[in-house]
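Chemist: Sharing entry_10.pdb here; it has PDB, C-alpha atoms and all ligand atoms.
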```
ATOM      1  CA  MET N  12      24.049  -4.086 -22.493
ATOM      2  CA  LEU N  13      24.627  -6.371 -19.582
ATOM      3  CA  ASP N  14      28.105  -7.306 -18.500
ATOM      4  CA  PRO N  15      28.827 -10.593 -20.309
ATOM      5  CA  VAL N  16      30.987 -11.758 -17.400
ATOM      6  CA  ALA N  17      28.034 -11.527 -15.028
ATOM      7  CA  ALA N  18      25.619 -12.873 -17.615
ATOM      8  CA  CYS N  19      24.556 -15.901 -15.630
ATOM      9  CA  PHE N  20      22.157 -13.783 -13.609
ATOM     10  CA  HIS N  21      19.881 -11.070 -14.939
ATOM     11  CA  TRP N  22      17.668  -8.774 -12.944
ATOM     12  CA  VAL N  23      14.511  -7.445 -14.478
ATOM     13  CA  THR N  24      12.709  -4.850 -12.412
ATOM     14  CA  PHE N  25       9.103  -3.879 -12.715
ATOM     15  CA  ARG N  26       8.448  -0.195 -12.447
ATOM     16  CA  ILE N  27       5.163   1.455 -11.610
ATOM     17  CA  LEU N  28       4.667   3.028 -15.004
ATOM     18  CA  GLY N  29       4.399  -0.059 -17.131
ATOM     19  CA  VAL N  30       7.993  -0.949 -17.887
ATOM     20  CA  MET N  31      10.173  -3.958 -17.236
ATOM     21  CA  THR N  32      13.792  -2.807 -17.031
ATOM     22  CA  PRO N  33      15.622  -3.976 -19.066
ATOM     23  CA  ASN N  34      12.944  -5.106 -21.464
ATOM     24  CA  ASN N  35      15.078  -6.747 -24.110
ATOM     25  CA  PHE N  36      18.383  -8.507 -23.701
ATOM     26  CA  THR N  37      20.333 -11.599 -24.544
ATOM     27  CA  ALA N  38      20.881 -14.530 -22.225
ATOM     28  CA  ALA N  39      22.558 -17.901 -22.531
ATOM     29  CA  ALA N  40      21.021 -21.302 -21.897
ATOM     30  CA  GLY N  41      21.036 -21.919 -18.161
ATOM     31  CA  ASP N  42      21.022 -18.239 -17.261
ATOM     32  CA  ILE N  43      18.631 -17.224 -14.542
ATOM     33  CA  ILE N  44      16.413 -14.212 -15.004
ATOM     34  CA  ALA N  45      15.302 -12.776 -11.697
ATOM     35  CA  PHE N  46      12.132 -10.774 -12.142
ATOM     36  CA  GLU N  47      11.989  -8.341  -9.295
ATOM     37  CA  PHE N  48       8.610  -7.017  -8.179
ATOM     38  CA  VAL N  49       9.300  -3.816  -6.293
ATOM     39  CA  THR N  50       6.042  -1.886  -6.418
ATOM     40  CA  VAL N  51       2.766  -1.897  -4.510
ATOM     41  CA  ILE N  52       1.071  -2.124  -7.896
ATOM     42  CA  SER N  53       0.537  -5.680  -9.110
ATOM     43  CA  HIS N  54       2.492  -6.987 -12.051
ATOM     44  CA  SER N  55       3.196 -10.362 -13.568
ATOM     45  CA  VAL N  56       5.536 -11.877 -16.080
ATOM     46  CA  VAL N  57       3.877 -14.232 -18.513
ATOM     47  CA  GLN N  58       5.226 -15.883 -21.622
ATOM     48  CA  SER N  59       3.433 -15.061 -24.859
ATOM     49  CA  SER N  60       4.330 -15.351 -28.530
ATOM     50  CA  PHE N  61       5.550 -12.848 -31.074
ATOM     51  CA  ASN N  62       2.235 -12.850 -32.917
ATOM     52  CA  ASN N  63       0.074 -12.466 -29.819
ATOM     53  CA  PRO N  64       2.100 -10.356 -27.394
ATOM     54  CA  CYS N  65      -0.647 -10.086 -24.774
ATOM     55  CA  ILE N  66      -1.879 -13.687 -24.756
ATOM     56  CA  ARG N  67      -0.458 -16.343 -22.447
ATOM     57  CA  SER N  68       1.332 -19.223 -24.111
ATOM     58  CA  GLY N  69       3.870 -20.478 -21.630
ATOM     59  CA  PHE N  70       5.060 -19.869 -18.098
ATOM     60  CA  ASP N  71       3.240 -17.512 -15.752
ATOM     61  CA  SER N  72       4.718 -15.980 -12.612
ATOM     62  CA  GLY N  73       1.345 -15.127 -11.124
ATOM     63  CA  THR N  74       0.552 -11.616  -9.974
ATOM     64  CA  HIS N  75       2.901 -10.066  -7.434
ATOM     65  CA  ILE N  76       3.752  -6.915  -5.538
ATOM     66  CA  ALA N  77       6.731  -6.142  -3.304
ATOM     67  CA  ASN N  78       6.635  -8.262  -0.176
ATOM     68  CA  GLU N  79       4.183  -6.736   2.190
ATOM     69  CA  GLY N  80       5.527  -5.507   5.484
ATOM     70  CA  THR N  81       9.200  -5.682   4.555
ATOM     71  CA  GLY N  82       8.907  -3.809   1.256
ATOM     72  CA  GLN N  83      11.567  -6.152  -0.108
ATOM     73  CA  PRO N  84      11.128  -7.195  -3.716
ATOM     74  CA  TYR N  85       9.282 -10.365  -4.537
ATOM     75  CA  VAL N  86      11.526 -12.300  -6.913
ATOM     76  CA  PHE N  87      10.424 -14.743  -9.567
ATOM     77  CA  ASN N  88      13.227 -16.725 -11.165
ATOM     78  CA  TYR N  89      13.120 -18.037 -14.696
ATOM     79  CA  THR N  90      15.818 -20.254 -16.129
ATOM     80  CA  VAL N  91      16.574 -19.765 -19.803
ATOM     81  CA  ALA N  92      16.318 -23.072 -21.672
ATOM     82  CA  ASP N  93      18.050 -22.074 -24.906
ATOM     83  CA  THR N  94      18.819 -19.028 -26.995
ATOM     84  CA  SER N  95      15.570 -18.946 -28.966
ATOM     85  CA  PRO N  96      13.452 -15.827 -28.361
ATOM     86  CA  VAL N  97      11.205 -15.744 -25.300
ATOM     87  CA  TRP N  98       8.413 -13.173 -25.535
ATOM     88  CA  LEU N  99       6.997 -11.831 -22.305
ATOM     89  CA  PHE N 100       4.287  -9.534 -21.049
ATOM     90  CA  CYS N 101       2.521  -8.416 -17.886
ATOM     91  CA  ASP N 102      -1.059  -9.706 -17.852
ATOM     92  CA  VAL N 103      -2.325  -7.284 -15.214
ATOM     93  CA  SER N 104      -5.062  -4.962 -16.428
ATOM     94  CA  THR N 105      -4.037  -3.103 -19.608
ATOM     95  CA  HIS N 106      -0.313  -3.142 -18.823
ATOM     96  CA  CYS N 107       0.575  -5.208 -21.909
ATOM     97  CA  LYS N 108      -0.984  -2.878 -24.424
ATOM     98  CA  GLU N 109       0.550   0.003 -22.525
ATOM     99  CA  GLY N 110       3.901  -1.514 -23.462
ATOM    100  CA  MET N 111       4.743  -3.685 -20.476
ATOM    101  CA  VAL N 112       6.428  -6.370 -22.527
ATOM    102  CA  ALA N 113       9.902  -7.844 -22.684
ATOM    103  CA  ALA N 114      11.903 -10.260 -24.772
ATOM    104  CA  ILE N 115      14.815 -12.533 -24.036
ATOM    105  CA  ASN N 116      17.027 -13.120 -27.082
ATOM    106  CA  PRO N 117      14.834 -11.346 -29.642
ATOM    107  CA  PRO N 118      16.217 -11.258 -33.204
ATOM    108  CA  THR N 119      18.053  -7.983 -33.791
ATOM    109  CA  SER N 120      17.054  -7.835 -37.457
ATOM    110  CA  GLY N 121      14.212  -9.016 -39.655
ATOM    111  CA  ASP N 122      10.535  -8.626 -38.866
ATOM    112  CA  GLN N 123      10.530 -10.153 -35.375
ATOM    113  CA  THR N 124      12.611  -7.630 -33.472
ATOM    114  CA  PHE N 125      11.759  -6.378 -30.010
ATOM    115  CA  ALA N 126      10.612  -3.068 -31.523
ATOM    116  CA  ALA N 127       8.161  -4.962 -33.753
ATOM    117  CA  PHE N 128       6.931  -6.970 -30.767
ATOM    118  CA  LEU N 129       6.385  -3.822 -28.707
ATOM    119  CA  ALA N 130       4.564  -2.158 -31.607
ATOM    120  CA  LYS N 131       2.339  -5.224 -31.939
ATOM    121  CA  ALA N 132       1.456  -5.136 -28.232
ATOM    122  CA  GLU N 133       0.676  -1.432 -28.336
ATOM    123  CA  ALA N 134      -1.214  -1.662 -31.641
ATOM    124  CA  ARG N 135      -3.939  -3.493 -29.749
ATOM    125  CA  VAL N 136      -4.826  -0.146 -28.227
ATOM    126  CA  SER N 137      -5.314   1.746 -31.465
ATOM    127  CA  ARG N 138      -7.306  -1.052 -33.055
ATOM    128  CA  GLU N 139      -9.896  -0.906 -30.302
ATOM    129  CA  PRO N 140     -12.429   1.726 -31.250
ATOM    130  CA  ARG N 141     -12.557   4.556 -28.791
ATOM    131  CA  ARG N 142     -15.916   4.533 -27.119
ATOM    132  CA  SER N 143     -17.566   7.801 -27.906
ATOM    133  CA  ARG N 144     -20.018   8.628 -25.214
ATOM    134  CA  PRO N 145     -22.866  10.958 -26.010
ATOM    135  CA  ARG N 146     -22.167  14.135 -24.160
ATOM    136  CA  THR N 147     -24.654  14.733 -21.443
ATOM    137  CA  PRO N 148     -24.489  18.163 -19.923
ATOM    138  CA  ARG N 149     -22.848  17.850 -16.562
ATOM    139  CA  ILE N 150     -24.558  19.723 -13.823
ATOM    140  CA  GLY N 151     -22.527  20.449 -10.760
ATOM    141  CA  VAL N 152     -23.951  19.617  -7.353
ATOM    142  CA  ALA N 153     -24.155  23.298  -6.425
ATOM    143  CA  ARG N 154     -26.172  24.100  -9.537
ATOM    144  CA  LEU N 155     -28.394  21.113  -8.884
ATOM    145  CA  LEU N 156     -29.096  22.361  -5.357
ATOM    146  CA  LEU N 157     -29.860  25.840  -6.684
ATOM    147  CA  ARG N 158     -32.315  24.376  -9.159
ATOM    148  CA  ARG N 159     -33.965  22.362  -6.422
ATOM    149  CA  GLN N 160     -34.245  25.455  -4.240
ATOM    150  CA  ALA N 161     -35.765  27.398  -7.115
ATOM    151  CA  HIS N 162     -38.223  24.609  -7.708
ATOM    152  CA  LEU N 163     -39.205  24.481  -4.022
ATOM    153  CA  ALA N 164     -39.642  28.243  -3.970
ATOM    154  CA  GLN N 165     -41.926  27.962  -6.981
ATOM    155  CA  VAL N 166     -43.977  25.246  -5.274
ATOM    156  CA  LEU N 167     -44.286  27.357  -2.114
ATOM    157  CA  ARG N 168     -45.341  30.391  -4.133
ATOM    158  CA  ARG N 169     -48.020  28.313  -5.851
ATOM    159  CA  GLU N 170     -49.185  27.027  -2.480
ATOM    160  CA  ARG N 171     -49.475  30.592  -1.164
ATOM    161  CA  LEU N 172     -51.478  31.695  -4.201
ATOM    162  CA  ARG N 173     -54.060  29.028  -3.632
TER     163      ARG N 173
HETATM  164 CU    CU G 201       2.193  -4.784 -15.014
END
```
Rewrite the coordinates I just gave you, this time as structure tokens.
Ligand SMILES: [Cu+2]

Modeler:
Amino acid sequence: MLDPVAACFHWVTFRILGVMTPNNFTAAAGDIIAFEFVTVISHSVVQSSFNNPCIRSGFDSGTHIANEGTGQPYVFNYTVADTSPVWLFCDVSTHCKEGMVAAINPPTSGDQTFAAFLAKAEARVSREPRRSRPRTPRIGVARLLLRRQAHLAQVLRRERLR
């Protein structure tokens, strides 16, 4: 939990491995959430909805990395309007369905908790059928070269027999 005395300013840091830290917390109207982009891997913070965790339906920070050259974090500030839940995700690549979501003021009970939101985001992965590729025998380059040599030798032998 964040210190309620310092609750007018929240820092949310993006980590490389798909997590916003913290990813679920309470904030009061007027509080500023500073989303801190500290990695060389792009992330974003985009508002979504509980029912569609990975679909934009509100503000969008744009895609950011740490400031180039200085390595200092790029900071995107968001001011909390009221205490109703704000659902968030990163819209870069597959980060959302890998669990890169967050919520400001999510209900702590009922069916719209942060855990339910996270499960919904990640469920998008399991619902997508895994593409099963027909297995083609993989021939290493060395074996391929050996085969080619054998073939050439055969051709030469045939030539000599003529
Ligand atoms: Cu991301």

Chemist: Show me which residues line ligand CU 201 (chain G), defined as having an atom within 8 Å of a ligand atom where only C-alpha atoms and all ligand atoms count, and present them as a PyMOL selection string.

Modeler: chain N and resi 25+27+29-30+52-56+100-107+111

Chemist: Please enumerate the residues selected by the PyMOL selection byres (((chain N and resi 58) around 10) and not hetatm) when evaluated against the supplied file, formatted as JSON, numbers by chain.

Modeler: {"N": [55, 56, 57, 59, 60, 61, 64, 65, 66, 67, 68, 69, 70, 71, 72, 97, 98, 99, 100, 101, 102, 112, 113, 114]}

Chemist: Residue by residue, what does the PyMOL selection byres (((chain N and resi 41) around 8) and not hetatm) grab here? Present the result as a compact mmCIF listing (two decimals) with C-alpha atoms, in the frame of the given file.

Modeler:
```txt
# COMPACT_ATOMS: atom_id res chain seq x y z
CA CYS N 19 24.56 -15.90 -15.63
CA ALA N 39 22.56 -17.90 -22.53
CA ALA N 40 21.02 -21.30 -21.90
CA ASP N 42 21.02 -18.24 -17.26
CA ILE N 43 18.63 -17.22 -14.54
CA THR N 90 15.82 -20.25 -16.13
CA VAL N 91 16.57 -19.76 -19.80
CA ALA N 92 16.32 -23.07 -21.67
CA ASP N 93 18.05 -22.07 -24.91
```

Chemist: Can you tell me, as an MDAnalysis selection string, what residues are no more than 9 Å from N:Pro117 when counting all atoms listed in the file, ignoring any on the same chain fewer than 2 positions away?

Modeler: chainID N and resid 35:37 95:98 114:115 119:120 123:125

Chemist: Atom CA of N:Pro33 to atom CA of N:Ala127: how many Å, to one decimal?

Modeler: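 Interatomic distance here is 16.5 Å.
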
Chemist: Would you please work out which residue, of N:Val51, N:Glu133, N:Tyr89, N:Val23, is nearest to N:His75 when using only C-alpha atoms?

Modeler: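 Using only C-alpha atoms, N:His75 sits closest to N:Val51.
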